[in-house]
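J.: Sending over a structure as structure tokens; questions will come in a sec.
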Amino acid sequence: MDLTLASQERCEVMDITANVQRACRQWGGSGAVLVYCPHTTGGVTLNEKFDPTVRQDLLHWMERLVPAGAVYAHAEGNADAHIKASLTGSQVLIPVRQGNLLLGRWQGLFFLEFDGPRHRTLWLSFLATAPQEAASGK
Amino acid sequence: MDLTLASQERCEVMDITANVQRACRQWGGSGAVLVYCPHTTGGVTLNEKFDPTVRQDLLHWMERLVPAGAVYAHAEGNADAHIKASLTGSQVLIPVRQGNLLLGRWQGLFFLEFDGPRHRTLWLSFLATAPQEAASGK
Amino acid sequence: MDLTLASQERCEVMDITANVQRACRQWGGSGAVLVYCPHTTGGVTLNEKFDPTVRQDLLHWMERLVPAGAVYAHAEGNADAHIKASLTGSQVLIPVRQGNLLLGRWQGLFFLEFDGPRHRTLWLSFLATAPQEAASGK
């Protein structure tokens, strides 16, 4: 299942929690959902959903660790975005029970845009829980 | 299955290898275990288990990359912890065969506390191996 | 299934996309492939495959963030490699459909050597897609 997004800024944190929750409900199963970013200048991450300053700090600090204006070999002007993507990661796996995305109380799921604005697509895959799991009394 | 921890320091690396191994043995199946951190100021990581200086260097360097005392927008005094969590990641997926956690020779699994001391809970989920895998002679 | 590699440099980005694609085709199933690094001074990451300068920048910037020559407690001369491994991650999970590795258009899969030259082994595991997934109209 695909999830499409349109970022508005060069660097942006987009909340995709509700979109992924909706997809899990549609599925209705138990196991885990793999949220996979097929792009190489963006990533996905879990972090605090409630206070937007957390996302602001995250973007600001990624820029501080890997500045867009530094000297890089890659000549397309987005070398920093590629490095940021490898630091934050391209995929997240989240447990799902009977169609409910099991997030922590303060947790949200975010797409990290490091080279926007762009149209982006994320891929969702649903993985099966182990058959023996129920038997072992979990 | 839940795994509960109590950290003692603001920043700490806690070895959870034995706890996760025990849970896998109880399960007894084959596939993979998802170790999921539902908190947003801590993470999980794989690294060397034997020499404790490795964990000490990791904590020290995370502090150097994202200092607690820097200026952040988030006003709760733990903005650095949120950023550290997104850099190290909130979940790890490890192969399991017949209840044995398949770690590398020097590898251990760690919870990274970035805003303790706190009570923490990690969630373990067991995912099924692919049915065709056996048939293909693996 | 094991994938063996021999790195030639202390730090190196090795393209393992074709090796993992081959293993997925041999499997022939649907779900996801877990590419797991059992070593603690190397990692795996997804990033741009086509322009080799992207890999060069990634290595160079990891060295800038965590210099080999800094002062560390760990006395084996590879403390930086352990920290780099926790920043980039030890495993990647990629969707697979009927034996095809579903990568993004520009995406490749890479082993990151941070303490070579060494012989390395990566572990591939195939995880099952959820049985209800087909029924939900994917």
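FYI, nothing fancy with the structure tokens labels: chains A, B, ... in order, residues from 1 per chain, ligands from 1 as they appear.
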From a DSSP calculation on the backbone, collect every residue of segment 59-94 of chain A in strand (DSSP E) and output the set as a list in words.
T.: Gln91, Val92, Leu93 and Ile94 of chain A
J.: Contacts of Val71 of chain A at 12 Å or less, counting only C-alpha atoms, minus same-chain residues fewer than 5 places along, as number ranges by chain?
T.: A: 66, 76-80; C: 57, 60-61
J.: Kindly export the residues of the current selection with N, CA and C atoms, as an mmCIF file, in the first residue's frame.
T.:
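As a result, again-v9.cif now contains:
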data_model
loop_
_atom_site.group_PDB
_atom_site.id
_atom_site.type_symbol
_atom_site.label_atom_id
_atom_site.label_comp_id
_atom_site.auth_asym_id
_atom_site.auth_seq_id
_atom_site.Cartn_x
_atom_site.Cartn_y
_atom_site.Cartn_z
ATOM 1 N N VAL A 66 24.982 18.305 9.786
ATOM 2 C CA VAL A 66 25.296 18.088 8.363
ATOM 3 C C VAL A 66 24.790 19.303 7.564
ATOM 4 N N GLU A 76 25.035 17.737 -6.856
ATOM 5 C CA GLU A 76 23.625 18.083 -7.111
ATOM 6 C C GLU A 76 23.023 18.992 -6.040
ATOM 7 N N GLY A 77 23.854 19.446 -5.093
ATOM 8 C CA GLY A 77 23.354 20.374 -4.083
ATOM 9 C C GLY A 77 22.530 19.728 -2.991
ATOM 10 N N ASN A 78 22.497 18.385 -2.958
ATOM 11 C CA ASN A 78 21.726 17.714 -1.909
ATOM 12 C C ASN A 78 22.532 16.623 -1.202
ATOM 13 N N ALA A 79 23.854 16.769 -1.214
ATOM 14 C CA ALA A 79 24.713 15.781 -0.544
ATOM 15 C C ALA A 79 24.348 15.678 0.935
ATOM 16 N N ASP A 80 24.082 16.813 1.550
ATOM 17 C CA ASP A 80 23.707 16.809 2.970
ATOM 18 C C ASP A 80 22.444 15.977 3.195
ATOM 19 N N ASP C 57 30.854 11.093 0.085
ATOM 20 C CA ASP C 57 30.449 12.131 1.039
ATOM 21 C C ASP C 57 29.990 11.516 2.362
ATOM 22 N N HIS C 60 33.038 10.392 4.316
ATOM 23 C CA HIS C 60 33.795 11.564 4.732
ATOM 24 C C HIS C 60 33.090 12.271 5.891
ATOM 25 N N TRP C 61 31.773 12.365 5.819
ATOM 26 C CA TRP C 61 31.049 13.076 6.858
ATOM 27 C C TRP C 61 30.954 12.264 8.146
#
J.: Name the residues in contact with Ala32 of chain A at a cut-off of 7 Å, using only C-alpha atoms, excluding same-chain residues fewer than 4 positions from it; report them as number ranges by chain.
T.: A: 93-96, 126-128
J.: Keeping only N, CA and C atoms, write those residues as a short mmCIF file (atom, residue, chain, number, x, y, z; two decimals), in the first residue's frame.
T.:
data_model
loop_
_atom_site.label_atom_id
_atom_site.label_comp_id
_atom_site.auth_asym_id
_atom_site.auth_seq_id
_atom_site.Cartn_x
_atom_site.Cartn_y
_atom_site.Cartn_z
N LEU A 93 9.69 -0.13 11.69
CA LEU A 93 8.81 -1.29 11.85
C LEU A 93 8.07 -1.13 13.16
N ILE A 94 6.74 -1.12 13.11
CA ILE A 94 5.93 -0.84 14.29
C ILE A 94 4.95 -1.99 14.54
N PRO A 95 4.83 -2.43 15.80
CA PRO A 95 3.89 -3.52 16.08
C PRO A 95 2.44 -3.10 15.86
N VAL A 96 1.62 -4.04 15.41
CA VAL A 96 0.20 -3.81 15.14
C VAL A 96 -0.59 -4.96 15.77
N PHE A 126 2.69 -5.21 5.43
CA PHE A 126 2.23 -5.81 6.68
C PHE A 126 2.86 -7.18 6.85
N LEU A 127 3.52 -7.37 7.98
CA LEU A 127 4.21 -8.63 8.23
C LEU A 127 3.46 -9.45 9.27
N ALA A 128 3.53 -10.74 9.12
CA ALA A 128 2.74 -11.66 9.95
C ALA A 128 3.37 -11.88 11.30
#
J.: Between atom CA of Gly43 of chain B and atom CA of His82 of chain B, what is the distance in Å, rounded to a tenth?
T.: 9.5 Å
J.: Using only C-alpha atoms, what does the table of chain B residues within 8 Å of chain C look like, with each row giving the shortest atom pair and its distance in Å to one decimal, sorted by chain and ascending number, as a Markdown table?
T.:
| residue | atom | partner | partner_atom | distance |
| --- | --- | --- | --- | --- |
| B:Gly31 | CA | C:Leu127 | CA | 6.6 |
| B:Ala32 | CA | C:Leu127 | CA | 7.8 |
| B:Thr45 | CA | C:Ser86 | CA | 6.2 |
| B:Leu46 | CA | C:Ser86 | CA | 6.8 |
| B:Asn47 | CA | C:Thr40 | CA | 5.1 |
| B:Glu48 | CA | C:Thr40 | CA | 5.6 |
| B:Asp51 | CA | C:His74 | CA | 7.6 |
| B:Thr53 | CA | C:His74 | CA | 4.9 |
| B:Val54 | CA | C:His74 | CA | 5.7 |
| B:Gln56 | CA | C:Ala73 | CA | 7.3 |
| B:Asp57 | CA | C:Tyr72 | CA | 6.0 |
| B:Leu58 | CA | C:Ile83 | CA | 5.5 |
| B:Trp61 | CA | C:Ile83 | CA | 7.6 |
| B:Leu65 | CA | C:Leu65 | CA | 7.5 |
| B:Leu87 | CA | C:Leu87 | CA | 6.0 |
| B:Thr88 | CA | C:Leu87 | CA | 5.3 |
| B:Gly89 | CA | C:Gly89 | CA | 7.9 |
| B:Val92 | CA | C:Gln91 | CA | 7.6 |
| B:Leu93 | CA | C:Gln91 | CA | 7.3 |
| B:Ile94 | CA | C:Tyr36 | CA | 7.4 |
| B:Pro95 | CA | C:Ser125 | CA | 6.9 |
| B:Leu103 | CA | C:Pro38 | CA | 6.0 |
| B:Gly104 | CA | C:Pro38 | CA | 4.1 |
| B:Arg105 | CA | C:Pro38 | CA | 7.4 |
| B:Trp106 | CA | C:Thr40 | CA | 7.1 |
| B:Gln107 | CA | C:Thr40 | CA | 6.4 |
| B:Leu127 | CA | C:Leu127 | CA | 7.1 |
| B:Ala128 | CA | C:Ala128 | CA | 5.8 |
| B:Thr129 | CA | C:Leu127 | CA | 4.5 |
| B:Ala130 | CA | C:Ala128 | CA | 4.0 |
| B:Pro131 | CA | C:Ala128 | CA | 6.9 |
| B:Gln132 | CA | C:Gly29 | CA | 6.3 |
| B:Glu133 | CA | C:Trp27 | CA | 6.3 |
| B:Ser136 | CA | C:Trp27 | CA | 5.8 |
| B:Lys138 | CA | C:Met1 | CA | 6.1 |
J.: Could you please write out, as JSON, numbers by chain, every residue of chain C that DSSP assigns to alpha helix (DSSP H)?
T.: {"C": [17, 18, 19, 20, 21, 22, 23, 24, 25, 26, 27, 52, 53, 54, 55, 56, 57, 58, 59, 60, 61, 62, 63, 64, 65, 79, 80, 81, 82, 83, 84, 85, 86, 87, 88, 132, 133, 134, 135]}
J.: With all C-alpha atoms matched in order and chain A superposed on chain C by least squares, what's the RMSD to one decimal?
T.: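 RMSD over all C-alpha atoms: 0.1 Å.
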J.: Between C:Cys24, C:Met62, C:Ile16, C:Ala70, which has the minimum distance to Thr4 of chain C (counting only C-alpha atoms)?
T.: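 Looking at the shortest contact to Thr4 of chain C, the residue is C:Ile16.
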J.: Quick one, how far is atom CA of Asp15 of chain A from atom CA of Gly99 of chain A?
T.: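 One can read the atom CA of Asp15 of chain A to atom CA of Gly99 of chain A distance as 19.4 Å.
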J.: Which polymer residues have any atom within 6 Å of an atom of Phe111 of chain B, counting only C-alpha atoms, with same-chain residues fewer than 2 positions away left out, as an mmCIF file with C-alpha atoms, in the first residue's frame?
T.:
data_model
loop_
_atom_site.group_PDB
_atom_site.id
_atom_site.type_symbol
_atom_site.label_atom_id
_atom_site.label_comp_id
_atom_site.auth_asym_id
_atom_site.auth_seq_id
_atom_site.Cartn_x
_atom_site.Cartn_y
_atom_site.Cartn_z
ATOM 1 C CA VAL B 13 23.429 2.238 28.269
ATOM 2 C CA MET B 14 21.538 -0.752 29.684
ATOM 3 C CA GLY B 43 16.408 4.197 21.930
ATOM 4 C CA VAL B 44 17.730 0.712 21.246
#
J.: List the spatial neighbours of Thr17 of chain B as a PDB file with N, CA and C atoms, in the first residue's frame - criterion: any atom at most 7 Å away, only C-alpha atoms, same-chain residues fewer than 5 positions off excluded.
T.:
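part16.pdb was written with the following content:
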ATOM      1  N   GLY B 108      25.857  -7.233  21.568  1.00  0.00           N
ATOM      2  CA  GLY B 108      24.844  -7.193  22.606  1.00  0.00           C
ATOM      3  C   GLY B 108      23.763  -6.225  22.179  1.00  0.00           C
ATOM      4  N   LEU B 109      22.620  -6.293  22.868  1.00  0.00           N
ATOM      5  CA  LEU B 109      21.499  -5.405  22.569  1.00  0.00           C
ATOM      6  C   LEU B 109      21.333  -4.457  23.758  1.00  0.00           C
ATOM      7  N   PHE B 110      21.176  -3.174  23.483  1.00  0.00           N
ATOM      8  CA  PHE B 110      21.184  -2.168  24.541  1.00  0.00           C
ATOM      9  C   PHE B 110      20.001  -1.213  24.458  1.00  0.00           C
TER      10      PHE B 110
END
J.: Do a neighbour search on Ala6 of chain A at 9 Å with only C-alpha atoms, toss out local chain neighbours closer than 4 positions, and write the hits as a ChimeraX atom specification.
T.: /A:116-121
J.: Write to file, as an mmCIF file, in the first residue's frame, the residues of the selection just made, with N, CA and C atoms.
T.:
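Here's the written file part-v7.cif:
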data_model
loop_
_atom_site.group_PDB
_atom_site.id
_atom_site.type_symbol
_atom_site.label_atom_id
_atom_site.label_comp_id
_atom_site.auth_asym_id
_atom_site.auth_seq_id
_atom_site.Cartn_x
_atom_site.Cartn_y
_atom_site.Cartn_z
ATOM 1 N N GLY A 116 13.276 18.886 -0.217
ATOM 2 C CA GLY A 116 12.011 19.257 -0.837
ATOM 3 C C GLY A 116 12.093 20.659 -1.415
ATOM 4 N N PRO A 117 10.938 21.191 -1.831
ATOM 5 C CA PRO A 117 9.649 20.484 -1.854
ATOM 6 C C PRO A 117 9.582 19.452 -2.980
ATOM 7 N N ARG A 118 8.963 18.306 -2.663
ATOM 8 C CA ARG A 118 8.853 17.196 -3.622
ATOM 9 C C ARG A 118 7.579 16.396 -3.360
ATOM 10 N N HIS A 119 7.176 15.656 -4.364
ATOM 11 C CA HIS A 119 6.155 14.628 -4.163
ATOM 12 C C HIS A 119 6.865 13.352 -3.721
ATOM 13 N N ARG A 120 6.372 12.744 -2.671
ATOM 14 C CA ARG A 120 7.015 11.561 -2.099
ATOM 15 C C ARG A 120 5.997 10.436 -1.962
ATOM 16 N N THR A 121 6.480 9.212 -2.005
ATOM 17 C CA THR A 121 5.632 8.047 -1.771
ATOM 18 C C THR A 121 6.313 7.143 -0.746
#
J.: Considering only C-alpha atoms, can you say which of A:Pro52, A:Leu5, A:Arg25, A:Ala68 comes closest to Leu102 of chain A?
T.: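 Comparing A:Pro52, A:Leu5, A:Arg25, A:Ala68 against Leu102 of chain A, the winner is A:Arg25.
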J.: Please provide as a VMD selection string all residues within 6 Å of Glu113 of chain A, with the sequence filter that same-chain residues fewer than 2 positions apart are discarded (counting only C-alpha atoms).
T.: chain A and resid 11 to 12 42 115
J.: Filtering to C-alpha atoms, could you give me those residues as an mmCIF file, in the first residue's frame?
T.:
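Final file, out_17.cif:
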data_model
loop_
_atom_site.group_PDB
_atom_site.id
_atom_site.type_symbol
_atom_site.label_atom_id
_atom_site.label_comp_id
_atom_site.auth_asym_id
_atom_site.auth_seq_id
_atom_site.Cartn_x
_atom_site.Cartn_y
_atom_site.Cartn_z
ATOM 1 C CA CYS A 11 13.562 20.435 5.108
ATOM 2 C CA GLU A 12 10.374 19.453 6.857
ATOM 3 C CA GLY A 42 14.345 11.694 3.058
ATOM 4 C CA ASP A 115 15.486 17.894 -0.110
#
